[in-house]
$ cat upload18.tsv   # TSV, C-alpha atoms (C1' of nucleotides)
chain	number	residue	atom	x	y	z
A	1	MET	CA	23.30	-23.05	32.76
A	2	LYS	CA	24.26	-19.97	30.82
A	3	VAL	CA	23.54	-19.51	27.19
A	4	VAL	CA	24.42	-16.64	24.90
A	5	VAL	CA	22.05	-15.66	22.15
A	6	ILE	CA	23.10	-13.65	19.13
A	7	THR	CA	20.25	-12.19	17.20
A	8	GLY	CA	19.19	-9.19	15.17
A	9	PRO	CA	17.56	-8.38	11.88
A	10	THR	CA	18.61	-9.99	8.67
A	11	ALA	CA	21.85	-8.96	6.96
A	12	CYS	CA	23.60	-7.66	10.05
A	13	GLY	CA	26.28	-10.27	10.39
A	14	LYS	CA	25.04	-12.60	13.09
A	15	SER	CA	26.57	-15.76	11.69
A	16	ASP	CA	30.07	-14.34	11.53
A	17	ILE	CA	29.99	-13.08	15.07
A	18	GLY	CA	28.53	-16.40	16.13
A	19	ILE	CA	31.43	-18.30	14.72
A	20	LYS	CA	33.96	-15.91	16.22
A	21	LEU	CA	32.41	-16.29	19.63
A	22	ALA	CA	32.22	-20.04	19.34
A	23	LYS	CA	35.88	-20.17	18.46
A	24	LYS	CA	36.88	-17.90	21.28
A	25	PHE	CA	34.71	-19.42	23.97
A	26	ASN	CA	34.89	-23.10	23.17
A	27	GLY	CA	31.41	-23.07	21.80
A	28	GLU	CA	28.98	-24.71	19.48
A	29	ILE	CA	26.24	-22.99	17.62
A	30	ILE	CA	22.56	-23.73	17.66
A	31	SER	CA	20.88	-22.05	14.75
A	32	ALA	CA	17.63	-20.27	15.52
A	33	ASP	CA	16.57	-19.88	11.95
A	34	SER	CA	13.34	-21.28	10.66
A	35	ARG	CA	14.61	-21.72	7.12
A	36	GLN	CA	18.15	-22.94	7.61
A	37	VAL	CA	16.82	-26.19	9.00
A	38	TYR	CA	16.18	-27.17	5.41
A	39	LYS	CA	18.58	-28.94	3.16
A	40	LYS	CA	19.25	-27.56	-0.30
A	41	MET	CA	18.20	-24.09	0.73
A	42	ASP	CA	21.59	-22.52	1.09
A	43	ILE	CA	22.16	-19.27	-0.73
A	44	GLY	CA	18.64	-18.03	-0.13
A	45	THR	CA	18.83	-18.61	3.59
A	46	GLY	CA	22.31	-17.22	3.96
A	47	LYS	CA	23.56	-20.45	5.42
A	48	VAL	CA	27.19	-20.55	6.46
A	49	THR	CA	29.31	-22.68	4.19
A	50	GLY	CA	30.16	-26.08	5.45
A	51	LYS	CA	28.72	-29.52	5.49
A	52	THR	CA	27.01	-32.07	7.59
A	53	ASP	CA	29.28	-34.44	9.46
A	54	LEU	CA	27.76	-37.89	9.45
A	55	SER	CA	30.38	-39.47	11.65
A	56	TYR	CA	28.54	-38.72	14.84
A	57	PHE	CA	25.18	-37.50	16.00
A	58	LEU	CA	23.13	-36.53	18.99
A	59	ASP	CA	20.57	-39.07	19.94
A	60	ILE	CA	17.84	-36.57	20.49
A	61	PRO	CA	14.52	-37.89	19.16
A	62	PRO	CA	15.59	-38.37	15.54
A	63	LYS	CA	19.30	-38.29	14.94
A	64	LEU	CA	20.76	-34.82	14.77
A	65	TYR	CA	23.96	-34.46	12.83
A	66	PRO	CA	26.18	-31.42	13.19
A	67	PHE	CA	26.78	-29.07	10.32
A	68	ILE	CA	30.38	-28.00	10.42
A	69	SER	CA	31.55	-24.60	9.35
A	70	GLU	CA	35.03	-23.32	10.08
A	71	GLY	CA	35.47	-26.21	12.45
A	72	ILE	CA	32.53	-25.19	14.55
A	73	ASN	CA	29.53	-27.43	15.12
A	74	HIS	CA	26.28	-25.90	14.04
A	75	TRP	CA	23.09	-27.60	15.12
A	76	LEU	CA	19.68	-27.44	13.52
A	77	ILE	CA	21.01	-26.69	10.09
A	78	ASP	CA	20.15	-29.02	7.22
A	79	ILE	CA	18.09	-31.37	9.30
A	80	LEU	CA	14.96	-31.59	7.16
A	81	ASN	CA	13.81	-31.79	3.60
A	82	PRO	CA	12.11	-28.68	2.29
A	83	SER	CA	8.77	-30.42	2.12
A	84	GLU	CA	8.79	-31.16	5.83
A	85	GLN	CA	7.29	-29.06	8.56
A	86	PHE	CA	9.19	-27.46	11.42
A	87	SER	CA	7.53	-25.58	14.25
A	88	VAL	CA	8.57	-23.47	17.21
A	89	ALA	CA	7.73	-26.33	19.48
A	90	ASP	CA	10.11	-28.56	17.55
A	91	PHE	CA	12.73	-25.90	17.78
A	92	GLN	CA	12.33	-25.47	21.49
A	93	LYS	CA	12.47	-29.17	22.15
A	94	TYR	CA	15.61	-29.70	20.09
A	95	ALA	CA	17.38	-26.56	21.14
A	96	GLU	CA	16.92	-27.24	24.82
A	97	ALA	CA	18.14	-30.79	24.46
A	98	ILE	CA	21.13	-29.67	22.44
A	99	GLU	CA	22.00	-26.94	24.93
A	100	GLN	CA	22.09	-29.54	27.64
A	101	ASN	CA	24.18	-31.88	25.59
A	102	ILE	CA	26.69	-29.19	24.73
A	103	LYS	CA	27.04	-28.30	28.39
A	104	GLU	CA	27.55	-31.92	29.32
A	105	ARG	CA	30.46	-31.91	26.97
A	106	LYS	CA	31.83	-28.90	28.81
A	107	LYS	CA	31.32	-26.54	25.94
A	108	ASN	CA	29.26	-23.39	25.54
A	109	PRO	CA	26.12	-23.19	23.45
A	110	PHE	CA	25.54	-20.11	21.34
A	111	ILE	CA	22.11	-19.59	19.91
A	112	VAL	CA	22.46	-17.67	16.67
A	113	GLY	CA	19.61	-16.59	14.46
A	114	GLY	CA	16.94	-14.13	13.62
A	115	THR	CA	13.74	-16.04	14.21
A	116	GLY	CA	12.44	-14.09	17.16
A	117	PHE	CA	9.69	-16.47	18.03
A	118	PHE	CA	12.14	-19.34	18.33
A	119	ILE	CA	14.35	-17.33	20.61
A	120	ARG	CA	11.47	-16.27	22.77
A	121	SER	CA	10.37	-19.86	23.17
A	122	LEU	CA	13.68	-20.41	24.91
A	123	THR	CA	14.16	-17.22	26.86
A	124	GLU	CA	10.63	-17.10	28.19
A	125	GLY	CA	10.16	-20.81	28.50
A	126	LEU	CA	6.98	-20.82	26.47
A	127	LEU	CA	4.86	-23.84	27.13
A	128	PHE	CA	3.06	-25.06	24.10
A	129	PRO	CA	-0.36	-26.58	24.50
A	130	ASN	CA	-0.04	-30.31	24.50
A	131	ALA	CA	-3.39	-31.02	22.95
A	132	LYS	CA	-2.58	-33.17	19.95
A	133	VAL	CA	-4.12	-31.90	16.76
A	134	THR	CA	-4.59	-34.76	14.36
A	135	GLU	CA	-4.10	-34.41	10.63
A	136	GLU	CA	-7.78	-34.98	10.33
A	137	THR	CA	-8.94	-32.07	12.45
A	138	LYS	CA	-6.26	-29.89	10.98
A	139	ASN	CA	-7.48	-30.60	7.48
A	140	TYR	CA	-11.05	-30.21	8.58
A	141	VAL	CA	-10.38	-26.80	10.08
A	142	GLU	CA	-8.36	-25.67	7.10
A	143	SER	CA	-11.15	-26.62	4.77
A	144	MET	CA	-13.54	-24.25	6.49
A	145	THR	CA	-13.99	-20.69	5.39
A	146	TYR	CA	-12.60	-18.10	7.71
A	147	GLU	CA	-16.09	-16.95	8.68
A	148	ASP	CA	-17.25	-20.44	9.55
A	149	ALA	CA	-14.12	-21.15	11.51
A	150	LEU	CA	-14.51	-17.93	13.44
A	151	THR	CA	-18.17	-18.59	14.19
A	152	LYS	CA	-17.36	-22.03	15.39
A	153	LEU	CA	-14.48	-20.77	17.47
A	154	LEU	CA	-16.62	-18.15	19.16
A	155	ASN	CA	-19.21	-20.79	19.85
A	156	LEU	CA	-16.68	-22.85	21.69
A	157	GLN	CA	-15.18	-19.91	23.51
A	158	ASN	CA	-16.88	-16.58	23.22
A	159	ASN	CA	-14.00	-14.56	24.59
A	160	ALA	CA	-11.53	-15.98	22.10
A	161	GLU	CA	-10.43	-12.54	21.09
A	162	GLU	CA	-8.86	-12.03	24.47
A	163	PHE	CA	-6.35	-14.68	23.57
A	164	ILE	CA	-5.85	-14.58	19.86
A	165	ASP	CA	-6.12	-12.17	16.99
A	166	ILE	CA	-9.45	-13.22	15.58
A	167	LYS	CA	-8.87	-11.24	12.42
A	168	ASN	CA	-6.02	-13.53	11.53
A	169	PRO	CA	-7.34	-16.67	9.81
A	170	ARG	CA	-4.33	-18.69	10.79
A	171	ARG	CA	-4.71	-17.92	14.45
A	172	VAL	CA	-8.37	-18.71	14.27
A	173	GLN	CA	-7.67	-22.04	12.65
A	174	ARG	CA	-5.09	-22.97	15.18
A	175	ALA	CA	-7.22	-21.97	18.13
A	176	LEU	CA	-10.16	-23.89	16.77
A	177	SER	CA	-8.00	-26.94	16.14
A	178	LEU	CA	-6.82	-26.87	19.71
A	179	LEU	CA	-10.30	-26.57	21.14
A	180	LEU	CA	-11.44	-29.42	18.95
A	181	SER	CA	-8.53	-31.50	20.14
A	182	GLY	CA	-9.10	-31.48	23.83
A	183	MET	CA	-7.91	-28.11	25.00
A	184	ASN	CA	-10.48	-26.61	27.30
A	185	ASN	CA	-9.64	-22.98	27.24
A	186	LEU	CA	-7.52	-20.76	25.08
A	187	SER	CA	-5.93	-19.35	28.19
A	188	GLU	CA	-3.83	-22.50	28.14
A	189	MET	CA	-1.97	-20.86	25.29
A	190	ARG	CA	-0.33	-18.51	27.69
A	191	MET	CA	1.53	-20.88	29.90
A	192	HIS	CA	5.17	-20.55	30.73
A	193	LYS	CA	7.71	-22.71	32.41
A	194	LYS	CA	10.95	-21.65	33.95
A	195	PRO	CA	13.51	-21.22	31.18
A	196	ILE	CA	16.04	-24.01	31.31
A	197	ALA	CA	18.94	-21.60	31.13
A	198	GLU	CA	19.96	-18.08	31.90
A	199	TYR	CA	20.07	-16.31	28.57
A	200	LEU	CA	22.10	-13.32	27.54
A	201	VAL	CA	20.56	-11.93	24.39
A	202	ILE	CA	22.82	-9.75	22.31
A	203	GLY	CA	21.42	-8.08	19.23
A	204	ILE	CA	23.36	-6.77	16.29
A	205	THR	CA	21.75	-4.04	14.32
A	206	TYR	CA	22.31	-0.86	12.38
A	207	GLU	CA	20.25	2.11	11.46
A	208	ARG	CA	17.44	1.37	9.09
A	209	GLU	CA	19.17	3.02	6.15
A	210	THR	CA	22.30	1.01	6.67
A	211	ILE	CA	20.40	-2.22	7.02
A	212	ASN	CA	18.60	-1.53	3.77
A	213	GLN	CA	21.86	-0.87	2.01
A	214	ARG	CA	23.31	-4.08	3.33
A	215	ILE	CA	20.23	-5.93	2.22
A	216	LEU	CA	20.54	-4.63	-1.32
A	217	LYS	CA	24.20	-5.45	-1.51
A	218	ARG	CA	23.68	-8.91	-0.15
A	219	LEU	CA	20.77	-9.52	-2.49
A	220	ASP	CA	22.88	-8.77	-5.52
A	221	ASN	CA	25.68	-10.92	-4.21
A	222	ARG	CA	23.37	-13.82	-3.75
A	223	LEU	CA	21.92	-13.44	-7.18
A	224	ASN	CA	25.43	-13.50	-8.57
A	225	GLN	CA	26.14	-16.64	-6.61
A	226	GLY	CA	23.35	-18.46	-8.38
A	227	MET	CA	20.45	-18.09	-6.05
A	228	VAL	CA	17.96	-18.28	-8.91
A	229	LYS	CA	19.50	-21.53	-10.03
A	230	GLU	CA	19.29	-22.96	-6.55
A	231	ILE	CA	15.58	-22.35	-6.49
A	232	GLU	CA	14.98	-23.56	-10.02
A	233	LEU	CA	16.73	-26.73	-9.02
A	234	LEU	CA	14.44	-27.24	-6.06
A	235	LEU	CA	11.49	-27.04	-8.41
A	236	LYS	CA	13.08	-29.17	-11.06
A	237	ASN	CA	13.90	-31.94	-8.63
A	238	LYS	CA	10.47	-31.69	-7.10
A	239	ASP	CA	11.94	-31.02	-3.69
A	240	VAL	CA	9.20	-28.45	-3.24
A	241	THR	CA	6.00	-27.39	-4.89
A	242	PRO	CA	5.62	-23.81	-6.07
A	243	GLU	CA	3.08	-23.35	-3.29
A	244	ARG	CA	5.56	-24.47	-0.71
A	245	LEU	CA	8.12	-22.04	-2.09
A	246	ASP	CA	5.58	-19.29	-1.80
A	247	ASP	CA	5.10	-20.21	1.80
A	248	PHE	CA	8.77	-19.89	2.58
A	249	GLY	CA	8.57	-16.23	1.71
A	250	LEU	CA	11.22	-13.75	0.61
A	251	GLU	CA	13.78	-15.11	-1.84
A	252	TYR	CA	12.00	-18.43	-2.12
A	253	ARG	CA	8.65	-16.84	-2.79
A	254	TRP	CA	9.75	-14.18	-5.24
A	255	ILE	CA	12.36	-16.12	-7.09
A	256	GLY	CA	9.89	-18.99	-7.21
A	257	ARG	CA	7.36	-16.72	-8.84
A	258	PHE	CA	9.96	-15.58	-11.31
A	259	ALA	CA	11.02	-19.14	-12.02
A	260	THR	CA	7.45	-20.14	-12.72
A	261	GLY	CA	6.97	-17.20	-15.03
A	262	GLN	CA	4.58	-15.18	-12.93
A	263	ILE	CA	6.73	-12.07	-12.75
A	264	THR	CA	9.67	-10.56	-14.59
A	265	TYR	CA	13.21	-10.48	-13.32
A	266	ASN	CA	12.98	-6.79	-12.55
A	267	GLU	CA	9.75	-7.18	-10.69
A	268	MET	CA	11.35	-9.96	-8.72
A	269	HIS	CA	14.37	-7.91	-7.84
A	270	GLU	CA	12.36	-4.91	-6.77
A	271	LYS	CA	9.92	-6.93	-4.75
A	272	LEU	CA	12.68	-8.86	-3.05
A	273	TYR	CA	14.45	-5.76	-1.97
A	274	THR	CA	11.40	-4.10	-0.47
A	275	GLU	CA	10.15	-7.30	1.11
A	276	ILE	CA	13.45	-8.07	2.77
A	277	CYS	CA	13.64	-4.54	4.12
A	278	ARG	CA	10.17	-4.92	5.51
A	279	PHE	CA	11.08	-8.23	7.04
A	280	ALA	CA	14.00	-6.64	8.82
A	281	LYS	CA	11.64	-4.04	10.16
A	282	ARG	CA	9.20	-6.68	11.41
A	283	GLN	CA	12.06	-8.42	13.14
A	284	MET	CA	12.96	-5.22	14.94
A	285	THR	CA	9.37	-4.73	16.03
A	286	TRP	CA	9.44	-8.16	17.55
A	287	PHE	CA	12.78	-7.79	19.27
A	288	LYS	CA	11.79	-4.48	20.76
A	289	LYS	CA	8.82	-6.03	22.41
A	290	TYR	CA	9.89	-9.48	23.42
A	291	CYS	CA	13.47	-10.35	23.52
A	292	ASN	CA	15.06	-8.10	26.09
A	293	VAL	CA	17.95	-7.55	23.79
A	294	ILE	CA	21.20	-5.81	24.57
A	295	TRP	CA	22.08	-4.03	21.38
A	296	LEU	CA	25.75	-3.97	20.53
A	297	ASN	CA	27.52	-4.13	17.26
A	298	ASP	CA	31.04	-3.61	18.25
A	299	GLU	CA	32.79	-6.94	18.20
A	300	LYS	CA	35.08	-6.10	21.05
A	301	GLN	CA	32.24	-5.04	23.27
A	302	ILE	CA	30.34	-8.18	22.44
A	303	ILE	CA	33.28	-10.34	23.36
A	304	GLU	CA	33.77	-8.52	26.64
A	305	MET	CA	30.11	-8.84	27.45
A	306	VAL	CA	30.04	-12.54	26.70
A	307	ASP	CA	33.21	-13.12	28.64
A	308	LYS	CA	31.81	-11.40	31.66
A	309	PHE	CA	28.52	-13.23	31.41
A	310	LEU	CA	30.10	-16.64	31.14
A	311	LYS	CA	32.48	-16.01	34.04
A	312	GLU	CA	29.89	-14.77	36.50
A	313	ILE	CA	28.56	-17.39	38.77
B	1	G	C1'	-1.32	21.03	-39.71
B	2	G	C1'	-5.88	17.47	-39.20
B	3	G	C1'	-8.11	13.60	-36.35
B	4	U	C1'	-8.32	10.80	-31.98
B	5	A	C1'	-7.54	9.00	-26.87
B	6	G	C1'	-5.99	10.79	-22.58
B	7	U	C1'	-4.05	14.23	-18.16
B	8	U	C1'	-6.94	11.65	-10.82
B	9	G	C1'	-3.71	11.81	-4.42
B	10	G	C1'	4.22	9.29	-3.75
B	11	C	C1'	3.33	5.63	-8.17
B	12	C	C1'	-0.24	2.56	-10.98
B	13	G	C1'	-5.31	2.85	-11.66
B	14	A	C1'	-11.14	3.12	-10.75
B	15	G	C1'	-14.73	6.71	-10.73
B	16	U	C1'	-18.53	10.17	-15.54
B	17	G	C1'	-23.34	15.73	-11.81
B	18	G	C1'	-24.80	15.23	-5.19
B	19	C	C1'	-24.09	8.96	-1.21
B	20	U	C1'	-16.42	11.22	-3.23
B	21	A	C1'	-11.02	13.46	0.51
B	22	A	C1'	-12.30	10.27	-3.93
B	23	U	C1'	-12.88	1.95	-4.84
B	24	G	C1'	-8.53	-0.99	-5.57
B	25	G	C1'	-3.31	-2.25	-6.06
B	26	C	C1'	1.81	-0.80	-5.05
B	27	A	C1'	5.14	1.89	-2.03
B	28	U	C1'	5.65	4.15	2.84
B	29	C	C1'	4.83	4.39	8.30
B	30	A	C1'	3.27	2.13	12.84
B	31	G	C1'	1.70	-2.23	15.14
B	32	A	C1'	0.01	-7.55	16.45
B	33	C	C1'	1.61	-12.44	16.81
B	34	U	C1'	2.36	-19.36	22.17
B	35	G	C1'	2.98	-25.17	17.03
B	36	U	C1'	3.11	-22.56	9.06
B	37	A	C1'	6.99	-16.97	12.16
B	38	A	C1'	11.42	-15.29	5.88
B	39	A	C1'	4.82	-17.12	7.56
B	40	U	C1'	0.22	-14.79	8.90
B	41	C	C1'	-2.49	-10.55	10.30
B	42	U	C1'	-4.07	-5.23	11.81
B	43	G	C1'	-4.11	0.06	11.58
B	44	A	C1'	-2.59	4.82	9.38
B	45	C	C1'	-1.58	7.05	4.85
B	46	A	C1'	-4.07	15.53	1.36
B	47	C	C1'	-3.22	19.34	5.20
B	48	G	C1'	-4.51	21.58	10.06
B	49	C	C1'	-7.06	21.23	14.62
B	50	A	C1'	-8.37	17.11	16.87
B	51	U	C1'	-12.62	12.12	20.67
B	52	C	C1'	-16.43	10.46	17.30
B	53	G	C1'	-15.65	14.95	14.68
B	54	C	C1'	-14.54	19.82	12.57
B	55	G	C1'	-12.14	23.11	9.12
B	56	U	C1'	-9.17	24.01	4.70
B	57	U	C1'	-7.21	22.77	-0.04
B	58	A	C1'	-7.72	18.88	-3.88
B	59	C	C1'	-8.87	15.08	-9.52
B	60	G	C1'	-3.41	19.32	-15.74
B	61	G	C1'	-4.29	25.40	-15.97
B	62	U	C1'	-8.06	29.09	-16.59
B	63	G	C1'	-12.99	30.47	-17.27
B	64	G	C1'	-18.05	28.94	-17.48
B	65	U	C1'	-22.99	25.99	-16.80
B	66	U	C1'	-25.46	24.35	-12.22
B	67	C	C1'	-28.48	24.92	-5.83
B	68	G	C1'	-24.20	21.44	-6.44
B	69	A	C1'	-18.62	19.21	-10.84
B	70	A	C1'	-13.07	14.96	-10.66
B	71	U	C1'	-17.59	14.12	-13.40
B	72	C	C1'	-20.99	18.86	-18.32
B	73	C	C1'	-19.16	23.15	-21.70
B	74	A	C1'	-15.22	26.49	-23.64
B	75	U	C1'	-10.30	27.43	-23.95
B	76	C	C1'	-5.02	26.83	-23.08
B	77	A	C1'	-1.00	23.43	-21.96
B	78	C	C1'	1.04	18.66	-22.11
B	79	U	C1'	1.21	13.19	-23.51
B	80	G	C1'	0.02	8.72	-26.60
B	81	C	C1'	-1.79	6.88	-31.28
B	82	C	C1'	-3.48	7.62	-36.45
B	83	C	C1'	-3.49	10.68	-41.01
B	84	A	C1'	-0.68	14.52	-43.50
$ encode --input "upload18.tsv" --output "structure tokens"
Amino acid sequence: MKVVVITGPTACGKSDIGIKLAKKFNGEIISADSRQVYKKMDIGTGKVTGKTDLSYFLDIPPKLYPFISEGINHWLIDILNPSEQFSVADFQKYAEAIEQNIKERKKNPFIVGGTGFFIRSLTEGLLFPNAKVTEETKNYVESMTYEDALTKLLNLQNNAEEFIDIKNPRRVQRALSLLLSGMNNLSEMRMHKKPIAEYLVIGITYERETINQRILKRLDNRLNQGMVKEIELLLKNKDVTPERLDDFGLEYRWIGRFATGQITYNEMHEKLYTEICRFAKRQMTWFKKYCNVIWLNDEKQIIEMVDKFLKEI
RNA sequence: GGGUAGUUGGCCGAGUGGCUAAUGGCAUCAGACUGUAAAUCUGACACGCAUCGCGUUACGGUGGUUCGAAUCCAUCACUGCCCA
């Protein structure tokens, strides 16, 4: 099975290219975006315009309904409420099942999105530890101070730092949770399987300066489109707590803070711009290391490349 | 004109004689990251040489006190506030 991936830092035009390719190559899109899975988060996530089609669904664990934009099926968009949790492992499970389904229907899957970790889970066939962490242990671990958690972790496995960043509280918590839930050794966190498809990863990017300019322009556009209102509405309808918004980061975090009166509009705008630029930079750091990306931003070249890839046997 | 508070590294802002190239925050740069990934985390951040380290120049300007000053004194400049 062959699958094309379109990725790149934020604000570089992935979605548009994705749709063009899907149209040209009889494709459907699987979104690899950790925030677009959520309903009611549209402007802030840069979701394509369209809507969920409830007339059919894929019978993958829950029911997955397609989100249709420009006549193209998009999967993994608008599948959860903002209060719900979505992890890489979920993504991998769904995306692989959807890829298969699309192929069965004689169409071509296109993975489109900027969440590098999600993409890597596919291209490298990451195998996530299957130790089940119960709510209880999760809460227990999260209630500990970082120091206690670290001490406990090192007690259970004294070479933990070979496998995780022990300076990162979140990693420490997760590792500890796993060890408390039946995993024997943190080395199990490094397992791979054979990827279920052959992936061609194409990245769209520009020079840093250009990306930053695009980010600023897009930010102002989104604000004009009512992005603040969108987020105020989420709060008003209690779709999310302010803490949850903070967790989402970027527009949701900073506009959330503005909406709850913690910062001024100007502070919000300034912070958003710099934070989004930094995010784009972090994305590039990730792609450089992990994703084996072919960088192209000429549409024609991309089409040729995809064409060639899909034709090869 | 008189009084008063101030002038710190890209910005904000601590520091009131040696432990200070100077806490912290922001910005910037680089990086890590196998179940929160738009999240989370780490490092660098005066200049030069460079391995810890060494050297040089730094806390508005100048001059002084002192073994030693961002820190004390004098003076000049500038800024805020108050009184004329």
$ closest_atom_pairs --input "upload18.tsv" --of "chain B" --to "chain A" --cutoff "8 Å" --atoms "only C-alpha atoms (C1' of nucleotides)" --output "tab-separated table"
residue	atom	partner	partner_atom	distance
B:A32	C1'	A:Asp165	CA	7.7
B:C33	C1'	A:Asp165	CA	7.7
B:U34	C1'	A:Met189	CA	5.5
B:G35	C1'	A:Ser87	CA	5.3
B:U36	C1'	A:Ser87	CA	7.5
B:A37	C1'	A:Phe117	CA	6.5
B:A38	C1'	A:Gly249	CA	5.1
B:A39	C1'	A:Asp247	CA	6.5
B:U40	C1'	A:Arg170	CA	6.3
B:C41	C1'	A:Asn168	CA	4.8
B:U42	C1'	A:Lys167	CA	7.7
$ residues_near_point --input "upload18.tsv" --point "(30.5, -25.6, 25.9)" --cutoff "12 Å" --atoms "all atoms listed in the file" --output "PyMOL selection string"
chain A and resi 1-4+21-30+72-73+98-111+310
$ atom_distance --input "upload18.tsv" --atom1 "atom CA of A:Val228" --atom2 "atom C1' of B:C26"
24.1 Å
$ residues_around --input "upload18.tsv" --residues "B:G3" --least-positions-apart "2" --cutoff "12 Å" --atoms "all atoms listed in the file" --output "VMD selection string"
chain B and resid 1 5 81 to 84
$ axis_aligned_box --input "upload18.tsv" --around "stretch 23-31 of chain B" --padding-each-side "8 Å" --output "AutoDock Vina command-line options"
--center_x -3.6 --center_y 1.1 --center_z 4.5 --size_x 34.5 --size_y 22.6 --size_z 37.2
$ atom_distance --input "upload18.tsv" --atom1 "atom CA of A:Asp53" --atom2 "atom CA of A:Ile68"
6.6 Å
$ residues_around --input "upload18.tsv" --residues "A:Gly226" --least-positions-apart "3" --cutoff "12 Å" --atoms "all atoms listed in the file" --output "PyMOL selection string"
chain A and resi 41-44+219-223+229-233+255
$ residues_around --input "upload18.tsv" --residues "B:C12" --least-positions-apart "4" --cutoff "12 Å" --atoms "all atoms listed in the file" --output "mmCIF file with C-alpha atoms (C1' of nucleotides), in the coordinates of the input"
data_model
loop_
_atom_site.group_PDB
_atom_site.id
_atom_site.type_symbol
_atom_site.label_atom_id
_atom_site.label_comp_id
_atom_site.auth_asym_id
_atom_site.auth_seq_id
_atom_site.Cartn_x
_atom_site.Cartn_y
_atom_site.Cartn_z
ATOM 1 C "C1'" U B 8 -6.940 11.650 -10.820
ATOM 2 C "C1'" G B 24 -8.530 -0.990 -5.570
ATOM 3 C "C1'" G B 25 -3.310 -2.250 -6.060
ATOM 4 C "C1'" C B 26 1.810 -0.800 -5.050
ATOM 5 C "C1'" A B 27 5.140 1.890 -2.030
#
$ residues_near_point --input "upload18.tsv" --point "(-7.2, -31.1, 10.5)" --cutoff "12 Å" --atoms "all atoms listed in the file" --output "short mmCIF file (atom, residue, chain, number, x, y, z; two decimals) with C-alpha atoms, in the coordinates of the input"
data_model
loop_
_atom_site.label_atom_id
_atom_site.label_comp_id
_atom_site.auth_asym_id
_atom_site.auth_seq_id
_atom_site.Cartn_x
_atom_site.Cartn_y
_atom_site.Cartn_z
CA LYS A 132 -2.58 -33.17 19.95
CA VAL A 133 -4.12 -31.90 16.76
CA THR A 134 -4.59 -34.76 14.36
CA GLU A 135 -4.10 -34.41 10.63
CA GLU A 136 -7.78 -34.98 10.33
CA THR A 137 -8.94 -32.07 12.45
CA LYS A 138 -6.26 -29.89 10.98
CA ASN A 139 -7.48 -30.60 7.48
CA TYR A 140 -11.05 -30.21 8.58
CA VAL A 141 -10.38 -26.80 10.08
CA GLU A 142 -8.36 -25.67 7.10
CA SER A 143 -11.15 -26.62 4.77
CA MET A 144 -13.54 -24.25 6.49
CA GLN A 173 -7.67 -22.04 12.65
CA ARG A 174 -5.09 -22.97 15.18
CA ALA A 175 -7.22 -21.97 18.13
CA LEU A 176 -10.16 -23.89 16.77
CA SER A 177 -8.00 -26.94 16.14
CA LEU A 178 -6.82 -26.87 19.71
CA LEU A 179 -10.30 -26.57 21.14
CA LEU A 180 -11.44 -29.42 18.95
CA SER A 181 -8.53 -31.50 20.14
#
$ atom_distance --input "upload18.tsv" --atom1 "atom CA of A:Val201" --atom2 "atom CA of A:Gly113"
11.0 Å
$ residues_around --input "upload18.tsv" --residues "stretch 69-77 of chain B" --least-positions-apart "5" --cutoff "8 Å" --atoms "all atoms listed in the file" --output "PDB file with C-alpha atoms (C1' of nucleotides), keeping the file's coordinate frame"
ATOM      1  C1'   U B   8      -6.940  11.650 -10.820  1.00  0.00           C
ATOM      2  C1'   U B  16     -18.530  10.170 -15.540  1.00  0.00           C
ATOM      3  C1'   G B  17     -23.340  15.730 -11.810  1.00  0.00           C
ATOM      4  C1'   C B  59      -8.870  15.080  -9.520  1.00  0.00           C
ATOM      5  C1'   G B  60      -3.410  19.320 -15.740  1.00  0.00           C
ATOM      6  C1'   G B  61      -4.290  25.400 -15.970  1.00  0.00           C
ATOM      7  C1'   U B  62      -8.060  29.090 -16.590  1.00  0.00           C
ATOM      8  C1'   G B  63     -12.990  30.470 -17.270  1.00  0.00           C
ATOM      9  C1'   G B  64     -18.050  28.940 -17.480  1.00  0.00           C
TER      10        G B  64
END
$ residues_around --input "upload18.tsv" --residues "B:U28" --least-positions-apart "4" --cutoff "12 Å" --atoms "all atoms listed in the file" --output "JSON, numbers by chain"
{"A": [274, 277, 278], "B": [10, 11, 44, 45]}
$ write_last_selection --input "upload18.tsv" --atoms "C-alpha atoms (C1' of nucleotides)" --output "compact mmCIF listing (two decimals), keeping the file's coordinate frame"
# COMPACT_ATOMS: atom_id res chain seq x y z
CA THR A 274 11.40 -4.10 -0.47
CA CYS A 277 13.64 -4.54 4.12
CA ARG A 278 10.17 -4.92 5.51
C1' G B 10 4.22 9.29 -3.75
C1' C B 11 3.33 5.63 -8.17
C1' A B 44 -2.59 4.82 9.38
C1' C B 45 -1.58 7.05 4.85
$ decode --input "upload18.tsv" --residues "stretch 194-198 of chain A" --atoms "N, CA and C atoms" --output "tab-separated table (two decimals), in the first residue's frame"
chain	number	residue	atom	x	y	z
A	194	LYS	N	6.50	-3.06	11.58
A	194	LYS	CA	6.70	-2.66	10.20
A	194	LYS	C	5.55	-1.72	9.83
A	195	PRO	N	5.87	-0.58	9.26
A	195	PRO	CA	4.79	0.34	8.87
A	195	PRO	C	3.81	-0.37	7.96
A	196	ILE	N	2.54	-0.04	8.06
A	196	ILE	CA	1.57	-0.78	7.26
A	196	ILE	C	1.53	-0.31	5.81
A	197	ALA	N	2.25	0.77	5.52
A	197	ALA	CA	2.25	1.25	4.14
A	197	ALA	C	3.61	1.80	3.80
A	198	GLU	N	3.77	2.04	2.51
A	198	GLU	CA	4.98	2.74	2.07
A	198	GLU	C	4.60	4.21	1.99
